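What follows is the content of target.cif (mmCIF, C-alpha atoms).
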```
data_data
#
loop_
_atom_site.label_atom_id
_atom_site.label_comp_id
_atom_site.auth_asym_id
_atom_site.auth_seq_id
_atom_site.Cartn_x
_atom_site.Cartn_y
_atom_site.Cartn_z
CA MET N 255 102.27 26.94 66.17
CA ALA N 256 98.91 27.88 64.61
CA THR N 257 98.04 24.17 64.28
CA ILE N 258 98.72 23.60 67.99
CA ILE N 259 96.52 26.56 68.95
CA TRP N 260 93.62 25.45 66.71
CA THR N 261 93.92 21.82 67.84
CA THR N 262 93.86 22.96 71.48
CA ILE N 263 90.76 25.08 70.85
CA GLY N 264 89.15 22.06 69.14
CA ALA N 265 90.07 19.83 72.09
CA ILE N 266 88.68 22.32 74.62
CA LEU N 267 85.42 22.52 72.67
CA THR N 268 85.25 18.71 72.45
CA LEU N 269 85.78 18.41 76.22
CA SER N 270 83.18 21.16 76.76
CA VAL N 271 80.60 19.04 74.91
CA TYR N 272 81.54 15.91 76.88
CA SER N 273 81.25 17.86 80.15
CA PHE N 274 77.48 17.50 79.66
CA LEU N 275 77.88 13.86 80.75
CA TYR N 276 78.49 15.18 84.26
CA LYS N 277 75.72 17.78 84.17
CA ASP N 278 74.54 20.81 82.20
CA ASN N 279 77.16 23.55 82.64
CA PRO N 280 78.35 26.85 81.09
CA PHE N 281 81.05 25.14 78.97
CA TYR N 282 78.51 22.87 77.32
CA LYS N 283 76.07 25.75 76.83
CA PHE N 284 78.81 27.78 75.17
CA ALA N 285 79.64 24.95 72.74
CA GLU N 286 75.94 24.34 72.08
CA HIS N 287 75.26 27.99 71.22
CA LEU N 288 78.38 28.05 69.07
CA VAL N 289 77.05 25.13 67.00
CA VAL N 290 73.63 26.76 66.67
CA GLY N 291 75.12 30.08 65.55
CA ILE N 292 77.48 28.53 63.02
CA SER N 293 74.74 26.25 61.63
CA ALA N 294 72.32 29.16 61.27
CA GLY N 295 74.93 31.33 59.52
CA TYR N 296 76.02 28.44 57.33
CA TYR N 297 72.53 27.51 56.14
CA LEU N 298 71.56 31.15 55.65
CA VAL N 299 74.49 31.63 53.27
CA ILE N 300 74.04 28.27 51.52
CA TYR N 301 70.31 28.66 50.92
CA TYR N 302 70.67 32.25 49.81
CA PHE N 303 73.47 31.63 47.30
CA ASN N 304 72.20 28.26 46.05
CA PHE N 305 68.48 29.00 45.74
CA ILE N 306 67.38 32.59 46.33
CA GLN N 307 70.20 34.39 44.53
CA PRO N 308 70.26 32.42 41.25
CA ASN N 309 66.49 31.80 41.02
CA VAL N 310 65.00 35.05 42.30
CA VAL N 311 67.47 37.88 42.93
CA ALA N 312 69.52 37.49 39.72
CA PRO N 313 66.56 37.18 37.29
CA VAL N 314 64.34 39.80 38.95
CA PHE N 315 66.89 42.51 39.81
CA LEU N 316 69.93 41.79 37.61
CA LEU N 317 67.83 40.50 34.67
CA ARG N 318 69.88 37.40 34.04
CA ILE N 319 69.53 33.63 34.53
CA GLY N 320 73.02 32.17 34.73
CA ASN N 321 74.89 34.01 31.96
CA GLU N 322 71.78 34.61 29.87
CA ALA N 323 70.11 38.03 29.87
CA ILE N 324 66.31 38.21 30.22
CA GLY N 325 63.94 41.07 29.53
CA LEU N 326 62.10 43.02 32.21
CA GLY N 327 58.48 41.82 32.19
CA SER N 328 59.27 38.75 30.06
CA SER N 329 57.74 35.38 30.93
CA MET N 330 61.05 34.26 32.49
CA TRP N 331 61.06 37.39 34.64
CA TRP N 332 57.53 36.72 35.86
CA LEU N 333 58.33 33.06 36.55
CA ALA N 334 61.13 34.23 38.82
CA LEU N 335 59.12 37.01 40.45
CA ILE N 336 56.12 34.88 41.47
CA PRO N 337 58.04 32.38 43.67
CA GLY N 338 59.98 35.36 45.08
CA ILE N 339 56.70 36.94 46.15
CA LEU N 340 55.47 33.59 47.51
CA GLY N 341 58.65 33.33 49.56
CA LEU N 342 58.20 36.87 50.86
CA LEU N 343 54.58 36.12 51.81
CA LEU N 344 55.89 33.65 54.40
CA TYR N 345 57.33 36.63 56.28
CA THR N 346 53.86 38.10 56.81
CA ARG N 347 53.66 35.98 59.95
CA PHE N 348 55.77 38.65 61.62
CA PHE N 349 52.70 40.93 61.22
CA PRO N 350 49.76 39.27 63.00
CA LYS N 351 47.18 41.22 60.97
CA PHE N 352 48.42 39.84 57.64
CA GLY N 353 49.88 36.52 58.81
CA TRP N 354 47.17 34.51 57.05
CA VAL N 355 48.48 35.57 53.61
CA GLY N 356 51.53 33.34 54.22
CA ARG N 357 49.21 30.32 53.97
CA TRP N 358 49.10 30.74 50.19
CA SER N 359 52.80 29.91 49.99
CA LEU N 360 52.31 27.04 52.42
CA GLY N 361 49.46 25.77 50.22
CA ILE N 362 51.77 25.59 47.20
CA TYR N 363 54.53 23.93 49.14
CA VAL N 364 52.39 21.45 51.09
CA GLY N 365 50.05 20.62 48.20
CA GLY N 366 52.93 20.30 45.75
CA TYR N 367 54.89 17.89 47.87
CA ALA N 368 51.80 15.90 48.89
CA GLY N 369 50.89 15.39 45.22
CA LEU N 370 54.45 14.87 44.10
CA GLY N 371 55.09 12.20 46.71
CA LEU N 372 52.00 10.01 46.27
CA SER N 373 52.87 8.07 43.13
CA PRO N 374 56.65 7.65 43.69
CA ILE N 375 56.04 6.49 47.26
CA MET N 376 53.52 3.92 46.04
CA GLN N 377 56.03 2.81 43.41
CA ALA N 378 59.21 2.72 45.50
CA ARG N 379 58.05 1.84 48.96
CA VAL N 380 55.05 -0.39 48.33
CA LEU N 381 55.09 -1.98 44.86
CA ASN N 382 58.87 -2.39 44.63
CA GLN N 383 59.01 -3.82 48.14
CA ILE N 384 56.23 -6.31 47.32
CA GLY N 385 58.13 -7.19 44.13
CA ALA N 386 61.37 -7.70 46.01
CA ASN N 387 59.62 -9.95 48.49
CA ALA N 388 57.67 -12.00 45.93
CA LEU N 389 60.21 -14.80 45.99
CA PRO N 390 59.89 -18.45 44.98
CA LEU N 391 59.51 -20.76 47.95
CA THR N 392 62.65 -22.66 47.02
CA SER N 393 64.90 -21.86 49.94
CA ILE N 394 64.55 -21.46 53.68
CA THR N 395 65.73 -17.83 53.49
CA ASN N 396 63.00 -16.94 50.98
CA VAL N 397 60.36 -18.56 53.21
CA PHE N 398 61.85 -16.63 56.13
CA LEU N 399 61.52 -13.31 54.28
CA ILE N 400 57.94 -13.98 53.16
CA VAL N 401 56.72 -15.19 56.56
CA GLY N 402 58.54 -12.27 58.25
CA LEU N 403 56.92 -9.67 56.00
CA LEU N 404 53.46 -11.23 56.33
CA GLY N 405 53.85 -11.43 60.11
CA THR N 406 55.00 -7.82 60.39
CA LEU N 407 52.15 -6.55 58.23
CA THR N 408 49.66 -8.64 60.20
CA TYR N 409 50.92 -7.19 63.47
CA PHE N 410 50.09 -3.69 62.15
CA PHE N 411 46.68 -4.79 60.83
CA PHE N 412 44.18 -3.58 63.40
CA SER N 413 40.90 -4.03 61.52
CA MET N 414 40.41 -7.55 62.92
CA LYS N 415 41.15 -9.09 66.28
CA HIS N 416 44.47 -10.94 66.43
CA LYS N 417 42.96 -14.40 67.00
CA GLY N 418 43.54 -17.78 65.38
CA VAL N 419 45.76 -17.70 62.27
CA LEU N 420 45.93 -13.90 62.45
CA GLY N 421 47.08 -14.15 66.07
CA VAL N 422 49.81 -16.66 65.20
CA LEU N 423 51.02 -14.48 62.31
CA ALA N 424 50.99 -11.36 64.49
CA ARG N 425 53.04 -13.26 67.09
CA VAL N 426 55.55 -14.22 64.38
CA GLY N 427 55.56 -10.54 63.35
CA ILE N 428 56.49 -9.49 66.89
CA VAL N 429 59.44 -11.90 66.84
CA PHE N 430 60.72 -10.44 63.55
CA LEU N 431 60.13 -6.89 64.74
CA MET N 432 62.04 -7.47 67.97
CA VAL N 433 65.00 -9.01 66.17
CA GLY N 434 64.88 -6.14 63.66
CA PHE N 435 64.72 -3.46 66.36
CA GLY N 436 67.57 -5.12 68.26
CA ALA N 437 69.69 -5.19 65.09
CA SER N 438 68.91 -1.53 64.33
CA PHE N 439 69.70 -0.58 67.89
CA GLY N 440 73.05 -2.39 67.72
CA TYR N 441 73.79 -0.76 64.39
CA THR N 442 72.98 2.72 65.75
CA VAL N 443 75.08 2.15 68.87
CA MET N 444 78.05 1.13 66.74
CA SER N 445 77.72 4.22 64.51
CA ARG N 446 77.68 6.48 67.59
CA VAL N 447 80.59 4.59 69.10
CA SER N 448 82.59 5.05 65.90
CA LEU N 449 81.97 8.82 66.17
CA LEU N 450 83.12 8.66 69.79
CA ILE N 451 86.25 6.76 68.77
CA GLY N 452 86.94 9.50 66.20
CA ARG N 453 86.74 12.22 68.84
CA VAL N 454 88.79 10.27 71.40
CA SER N 455 91.38 9.65 68.70
CA PHE N 456 91.43 13.41 68.01
CA LEU N 457 92.05 14.11 71.70
CA LEU N 458 94.68 11.40 72.30
CA HIS N 459 96.41 11.43 68.90
CA ASP N 460 96.07 14.88 67.33
CA TRP N 461 96.09 16.90 70.54
CA LEU N 462 98.04 14.99 73.21
CA HIS N 463 100.09 12.75 70.85
CA LEU N 464 99.63 9.83 73.27
CA ILE N 465 98.70 7.25 70.65
CA MET E 452 38.21 33.14 52.93
CA ARG E 453 41.44 33.05 54.91
CA ARG E 454 41.35 29.25 54.88
CA VAL E 455 39.42 28.55 51.67
CA ILE E 456 42.00 30.11 49.30
CA PRO E 457 44.99 28.20 50.72
CA LEU E 458 42.93 24.98 50.75
CA ALA E 459 41.99 25.55 47.09
CA ILE E 460 45.64 26.24 46.21
CA THR E 461 46.71 23.04 48.01
CA PHE E 462 44.06 21.01 46.16
CA LEU E 463 44.87 22.41 42.71
CA ILE E 464 48.65 22.15 43.07
CA GLY E 465 48.43 18.70 44.70
CA MET E 466 46.17 17.33 41.96
CA PHE E 467 48.34 18.87 39.26
CA MET E 468 51.47 17.21 40.65
CA LEU E 469 49.58 13.92 40.84
CA VAL E 470 48.44 14.26 37.23
CA ASP E 471 52.02 15.03 36.15
CA PHE E 472 53.02 11.45 37.07
CA PHE E 473 50.39 9.95 34.75
CA VAL E 474 50.48 12.42 31.84
CA PRO E 475 53.83 12.33 30.07
CA HIS E 476 53.20 15.47 28.00
CA HIS E 477 55.90 18.14 27.81
CA VAL E 478 53.49 20.97 28.67
CA VAL E 479 52.41 19.23 31.87
CA SER E 480 55.92 18.14 32.82
CA SER E 481 57.49 21.57 32.21
CA ALA E 482 54.72 23.24 34.26
CA ALA E 483 55.27 20.67 37.01
CA ALA E 484 59.03 21.29 36.90
CA GLU E 485 58.36 25.03 37.34
CA MET E 486 56.09 24.25 40.31
CA LYS E 487 58.85 22.14 41.88
CA GLN E 488 61.21 25.07 41.43
CA TRP E 489 58.70 27.34 43.17
CA GLY E 490 58.44 24.83 46.00
CA THR E 491 62.23 24.80 46.37
CA ILE E 492 62.32 28.61 46.54
CA VAL E 493 59.53 28.67 49.13
CA ILE E 494 61.47 26.09 51.20
CA ALA E 495 64.62 28.22 50.96
CA ALA E 496 62.61 31.27 52.03
CA SER E 497 61.18 29.30 54.96
CA ILE E 498 64.70 28.30 56.06
CA LEU E 499 65.69 31.96 56.00
CA LEU E 500 62.50 32.69 57.95
CA GLY E 501 63.62 30.16 60.57
CA VAL E 502 67.00 31.83 60.88
CA GLY E 503 65.26 35.22 61.08
CA ASN E 504 63.14 33.87 63.92
CA LEU E 505 66.27 32.61 65.70
CA ILE E 506 67.81 36.09 65.42
CA ARG E 507 64.61 37.64 66.80
CA VAL E 508 64.47 35.25 69.78
CA HIS E 509 68.12 35.81 70.72
CA TYR E 510 67.93 39.56 70.14
CA LYS E 511 64.94 39.74 72.52
CA LYS E 512 66.84 37.67 75.08
CA ILE E 513 69.82 40.02 74.92
CA SER E 514 67.81 43.24 74.98
CA ARG E 515 65.81 42.05 78.00
CA LYS E 516 68.90 40.57 79.67
CA GLN E 517 67.05 37.30 80.27
CA GLU E 518 68.80 34.31 81.86
CA GLY E 519 71.58 33.04 79.58
CA TRP E 520 71.69 36.19 77.42
CA GLY E 521 75.48 35.91 77.23
CA TYR E 522 75.11 32.67 75.24
CA SER E 523 72.75 34.46 72.86
CA ILE E 524 75.58 36.91 72.13
CA VAL E 525 77.77 33.90 71.23
CA THR E 526 75.10 32.56 68.84
CA LEU E 527 74.51 35.88 67.10
CA SER E 528 78.23 36.75 66.94
CA VAL E 529 79.26 33.51 65.24
CA MET E 530 76.29 33.81 62.91
CA VAL E 531 77.49 37.30 61.90
CA VAL E 532 81.02 35.90 61.43
CA MET E 533 79.67 33.19 59.13
CA LEU E 534 77.61 35.73 57.18
CA PHE E 535 80.63 38.02 56.88
CA PHE E 536 82.90 35.30 55.52
CA GLY E 537 80.17 33.57 53.51
CA GLY E 538 78.59 36.66 51.97
CA PRO E 539 81.34 38.48 50.06
CA TRP E 540 83.22 35.35 48.93
CA GLY E 541 80.28 33.26 47.81
CA THR E 542 79.48 29.84 49.19
CA ILE E 543 81.66 26.97 50.33
CA GLN E 544 84.54 27.28 47.89
CA GLU E 545 87.43 25.16 49.09
CA GLY E 546 90.02 27.12 51.00
CA SER E 547 87.66 29.93 52.02
CA VAL E 548 87.44 30.95 55.68
CA PHE E 549 83.73 30.11 55.57
CA ASN E 550 84.50 26.58 54.44
CA TRP E 551 87.33 26.30 56.96
CA ILE E 552 85.04 27.24 59.87
CA PHE E 553 82.45 24.78 58.66
CA LEU E 554 84.91 21.88 58.33
CA ASN E 555 86.99 22.59 61.44
CA VAL E 556 84.42 23.83 63.94
CA GLN E 557 80.92 22.88 62.83
CA VAL E 558 81.58 19.32 61.60
CA PRO E 559 83.73 18.18 64.59
CA LEU E 560 81.41 19.81 67.14
CA GLN E 561 78.37 18.21 65.56
CA SER E 562 80.02 14.80 65.48
CA THR E 563 80.99 15.26 69.15
CA MET E 564 77.36 16.08 69.97
CA PHE E 565 76.18 12.96 68.13
CA SER E 566 78.82 10.83 69.84
CA LEU E 567 77.32 11.92 73.19
CA LEU E 568 74.40 9.73 72.23
CA ALA E 569 76.65 6.68 72.61
CA PHE E 570 76.53 7.24 76.37
CA PHE E 571 72.82 7.98 76.56
CA ILE E 572 71.97 5.07 74.30
CA ALA E 573 73.94 2.79 76.65
CA SER E 574 71.84 3.85 79.63
CA ALA E 575 68.66 3.49 77.55
CA ALA E 576 69.81 -0.01 76.59
CA TYR E 577 70.11 -0.97 80.22
CA ARG E 578 66.44 -0.12 80.76
CA ALA E 579 65.20 -1.59 77.46
CA PHE E 580 67.21 -4.80 77.52
CA ARG E 581 66.39 -6.04 80.99
CA LEU E 582 65.42 -9.63 80.39
CA ARG E 583 61.74 -9.47 81.35
CA SER E 584 60.13 -11.34 78.48
CA LEU E 585 60.94 -13.46 75.45
CA GLU E 586 60.60 -10.39 73.19
CA ALA E 587 63.04 -8.35 75.30
CA GLY E 588 65.40 -11.35 75.21
CA MET E 589 65.32 -11.41 71.39
CA LEU E 590 65.95 -7.68 71.27
CA LEU E 591 68.92 -8.13 73.59
CA VAL E 592 70.43 -11.10 71.76
CA SER E 593 70.15 -9.59 68.27
CA ALA E 594 71.56 -6.23 69.46
CA ILE E 595 74.53 -7.92 71.14
CA ILE E 596 75.23 -10.08 68.08
CA VAL E 597 75.11 -7.05 65.74
CA MET E 598 77.25 -4.91 68.05
CA LEU E 599 79.91 -7.59 68.48
CA GLY E 600 79.73 -8.76 64.88
CA ARG E 601 80.71 -5.32 63.61
CA VAL E 602 83.97 -5.05 65.56
CA PRO E 603 87.22 -7.06 65.53
CA LEU E 604 86.41 -8.38 69.02
CA GLY E 605 83.48 -10.33 67.55
CA GLN E 606 85.77 -11.98 65.01
CA PHE E 607 88.30 -12.72 67.74
CA LEU E 608 85.75 -14.28 70.11
CA THR E 609 84.44 -16.74 67.50
CA ARG E 610 87.65 -17.26 65.51
CA GLY E 611 87.86 -21.06 65.94
CA LEU E 612 84.23 -21.84 65.13
CA PRO E 613 82.74 -22.84 61.75
CA GLU E 614 81.81 -19.85 59.58
CA GLN E 615 78.05 -20.18 60.23
CA ALA E 616 78.65 -19.78 63.97
CA THR E 617 80.87 -16.71 63.79
CA LEU E 618 79.49 -13.38 64.99
CA PRO E 619 80.16 -11.51 61.69
CA TRP E 620 78.24 -14.19 59.76
CA LEU E 621 75.35 -14.11 62.25
CA THR E 622 75.29 -10.31 62.02
CA GLU E 623 75.05 -10.39 58.24
CA THR E 624 72.30 -13.03 58.43
CA ILE E 625 70.27 -11.02 60.94
CA MET E 626 70.62 -7.87 58.84
CA ALA E 627 69.75 -9.66 55.58
CA TYR E 628 66.72 -11.69 56.69
CA PRO E 629 64.76 -10.96 59.90
CA ASN E 630 65.80 -7.30 59.89
CA MET E 631 65.02 -6.95 56.18
CA ALA E 632 61.60 -8.64 56.52
CA ALA E 633 60.60 -6.51 59.52
CA PHE E 634 61.74 -3.21 58.02
CA ARG E 635 60.17 -3.98 54.68
CA GLY E 636 56.86 -4.33 56.53
CA ILE E 637 57.44 -1.11 58.46
CA LEU E 638 58.46 0.72 55.27
CA MET E 639 55.29 -0.40 53.50
CA GLY E 640 53.10 0.55 56.46
CA ALA E 641 54.75 3.96 56.76
CA ALA E 642 54.43 4.54 53.01
CA LEU E 643 50.69 3.78 53.14
CA GLY E 644 50.43 6.21 56.06
CA VAL E 645 52.28 8.93 54.13
CA MET E 646 50.03 8.39 51.12
CA ALA E 647 46.89 8.56 53.24
CA MET E 648 48.17 11.76 54.83
CA GLY E 649 49.00 13.19 51.38
CA LEU E 650 45.47 12.50 50.18
CA ARG E 651 44.02 14.04 53.34
CA VAL E 652 46.10 17.17 52.73
CA ILE E 653 45.13 17.45 49.07
CA LEU E 654 41.44 16.90 49.80
CA GLY E 655 41.49 19.45 52.60
CA ILE E 656 40.65 17.00 55.40
CA GLU E 657 44.01 17.58 57.10
CA ARG E 658 44.34 21.31 57.81
CA SER E 659 46.78 21.51 60.72
CA TYR E 660 49.46 23.10 58.51
CA LEU E 661 47.26 26.19 58.21
CA GLY E 662 47.66 26.97 61.90
CA GLY E 663 45.08 27.37 64.62
CA ASP E 664 43.39 30.71 63.95
CA LYS E 665 40.59 31.38 61.46
#
```

Whole structure, structure tokens version:
Amino acid sequence: MATIIWTTIGAILTLSVYSFLYKDNPFYKFAEHLVVGISAGYYLVIYYFNFIQPNVVAPVFLLRIGNEAIGLGSSMWWLALIPGILGLLLYTRFFPKFGWVGRWSLGIYVGGYAGLGLSPIMQARVLNQIGANALPLTSITNVFLIVGLLGTLTYFFFSMKHKGVLGVLARVGIVFLMVGFGASFGYTVMSRVSLLIGRVSFLLHDWLHLI
Amino acid sequence: MRRVIPLAITFLIGMFMLVDFFVPHHVVSSAAAEMKQWGTIVIAASILLGVGNLIRVHYKKISRKQEGWGYSIVTLSVMVVMLFFGGPWGTIQEGSVFNWIFLNVQVPLQSTMFSLLAFFIASAAYRAFRLRSLEAGMLLVSAIIVMLGRVPLGQFLTRGLPEQATLPWLTETIMAYPNMAAFRGILMGAALGVMAMGLRVILGIERSYLGGDK
């Protein structure tokens, strides 16, 4: 009995979301706000228990990291307190007079990730990609990949006018880009359609038992 | 002063993280690991800040009885329910009510929302794929081949033909060669853009993250 009730509630919520296809309406808005509320509550709990509690609250207030005890005022204690304070500084934006102090935390976060990303991005997304594309010109597919990459890069090269050889390469780049965008579009459509099939199957199989 | 200190912090931390990649010394790497940990905690605090902001916005809406305030009650109520079931019993342990709500309400509703895009994407396709030029034609043909090649209908339609003419084979070929070449180029271009932006941030040229005021 409980399964039938929960499945019916699930089906009503699913239909509420699909009612948006007709126009915006109270059923859709209800489902939308439900998702927002659950997501917010979910992430609040997850982030608190996975990051804040073990890395700040437990060491600073309960004086332990995992199962290990730490001393008040020890280096480990300070290393937990500082990021806790940095996190709290973000909340100064609720007080316009002191909101600028929150920028210190942002500086650590933004600067850290900017510096951290530079070398790995160069390695993984530029050098490795060049390496993967540096193929011997022994097959038509290899030539295809090399010409395609050169054409695409030329199309995005705006320092010189696309004339002559550069123009031809840029034109080739457009062809590759269009085929690539079409393929990605088709791929995205199919992934959305498979989600749709999943929900329709829920309605017709799990709820109505028609299929 | 209000901008100089954060800019100096950004520069010092950014350069330190950059140095960490090139200096394989345990002092540098352990300090960098601690910095990463700090960054993770600041991110977690910013997520909580976002949720706090959401609560503030909806609370204001309810207290002022603005249009749609009833929906704000729904948002805040379910958030409280999630906090109630998530707080005392820890995180997403299997079998908990918190986990049950997540798996049986959040996940299906989110996938339903995403599946809505199938309809909107179809109407967008109609506008994008109208055969107005050679480029639009290529977009159309490759999208149709990939869409059909991924479903049994594609196999069925080209079942009698040689393998190189079947839709699944054409789909794989498009994905492996022209698509790969184009997206490799885009990936490299985007990576160079990200790196340029990273350098701008570290050197203090890009300051938009500090906000508008002095």

- [ ] Tell me, as an MDAnalysis selection string, which residues lie within 10 Å of stretch 437-452 of chain N, counting only C-alpha atoms; anything in the same chain fewer than 4 positions away does not count.
- [x] (chainID N and resid 431:433 456:457) or (chainID E and resid 559 562:573 576 589:602 622 625:626 629:630 634)

Task: Residues selected by the PyMOL selection byres ((chain N and resi 402-412) around 7), written as a list in words - done: Phe398, Leu399, Ile400, Val401, Ser413, Met414, Lys415, Leu420, Leu423, Ala424, Val426, Gly427, Ile428, Phe430 and Leu431 of chain N; Pro629, Ala632, Ala633, Arg635 and Gly636 of chain E

Selection to disk with C-alpha atoms, as a PDB file, in the frame of the given file:
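After the write, part.pdb holds the following:
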```
ATOM      1  CA  PHE N 398      61.850 -16.630  56.130  1.00  0.00           C
ATOM      2  CA  LEU N 399      61.520 -13.310  54.280  1.00  0.00           C
ATOM      3  CA  ILE N 400      57.940 -13.980  53.160  1.00  0.00           C
ATOM      4  CA  VAL N 401      56.720 -15.190  56.560  1.00  0.00           C
ATOM      5  CA  SER N 413      40.900  -4.030  61.520  1.00  0.00           C
ATOM      6  CA  MET N 414      40.410  -7.550  62.920  1.00  0.00           C
ATOM      7  CA  LYS N 415      41.150  -9.090  66.280  1.00  0.00           C
ATOM      8  CA  LEU N 420      45.930 -13.900  62.450  1.00  0.00           C
ATOM      9  CA  LEU N 423      51.020 -14.480  62.310  1.00  0.00           C
ATOM     10  CA  ALA N 424      50.990 -11.360  64.490  1.00  0.00           C
ATOM     11  CA  VAL N 426      55.550 -14.220  64.380  1.00  0.00           C
ATOM     12  CA  GLY N 427      55.560 -10.540  63.350  1.00  0.00           C
ATOM     13  CA  ILE N 428      56.490  -9.490  66.890  1.00  0.00           C
ATOM     14  CA  PHE N 430      60.720 -10.440  63.550  1.00  0.00           C
ATOM     15  CA  LEU N 431      60.130  -6.890  64.740  1.00  0.00           C
TER      16      LEU N 431
ATOM     17  CA  PRO E 629      64.760 -10.960  59.900  1.00  0.00           C
ATOM     18  CA  ALA E 632      61.600  -8.640  56.520  1.00  0.00           C
ATOM     19  CA  ALA E 633      60.600  -6.510  59.520  1.00  0.00           C
ATOM     20  CA  ARG E 635      60.170  -3.980  54.680  1.00  0.00           C
ATOM     21  CA  GLY E 636      56.860  -4.330  56.530  1.00  0.00           C
TER      22      GLY E 636
END
```

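The space separating atom CA of N:Leu275 from atom CA of E:Ala575 comes to 14.2 Å.
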
TODO: Work out how far apart atom CA of E:Arg610 and atom CA of E:Glu623 are and give it in Å to one decimal.
DONE: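 According to the coordinates, atom CA of E:Arg610 and atom CA of E:Glu623 are separated by 16.1 Å.
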
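When atom CA of N:Ala294 is paired with atom CA of E:Ala484, their separation reads 28.9 Å.
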
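Near E:Phe535, within 12 Å and counting only C-alpha atoms, sit Ile292, Gly295, Tyr296, Leu298 and Val299 of chain N; Ser528, Val529, Met530, Val531, Val532, Met533, Gly537, Gly538, Pro539, Trp540, Gly541, Thr542, Ser547, Val548 and Phe549 of chain E, not including residues fewer than 2 positions from it in the same chain.
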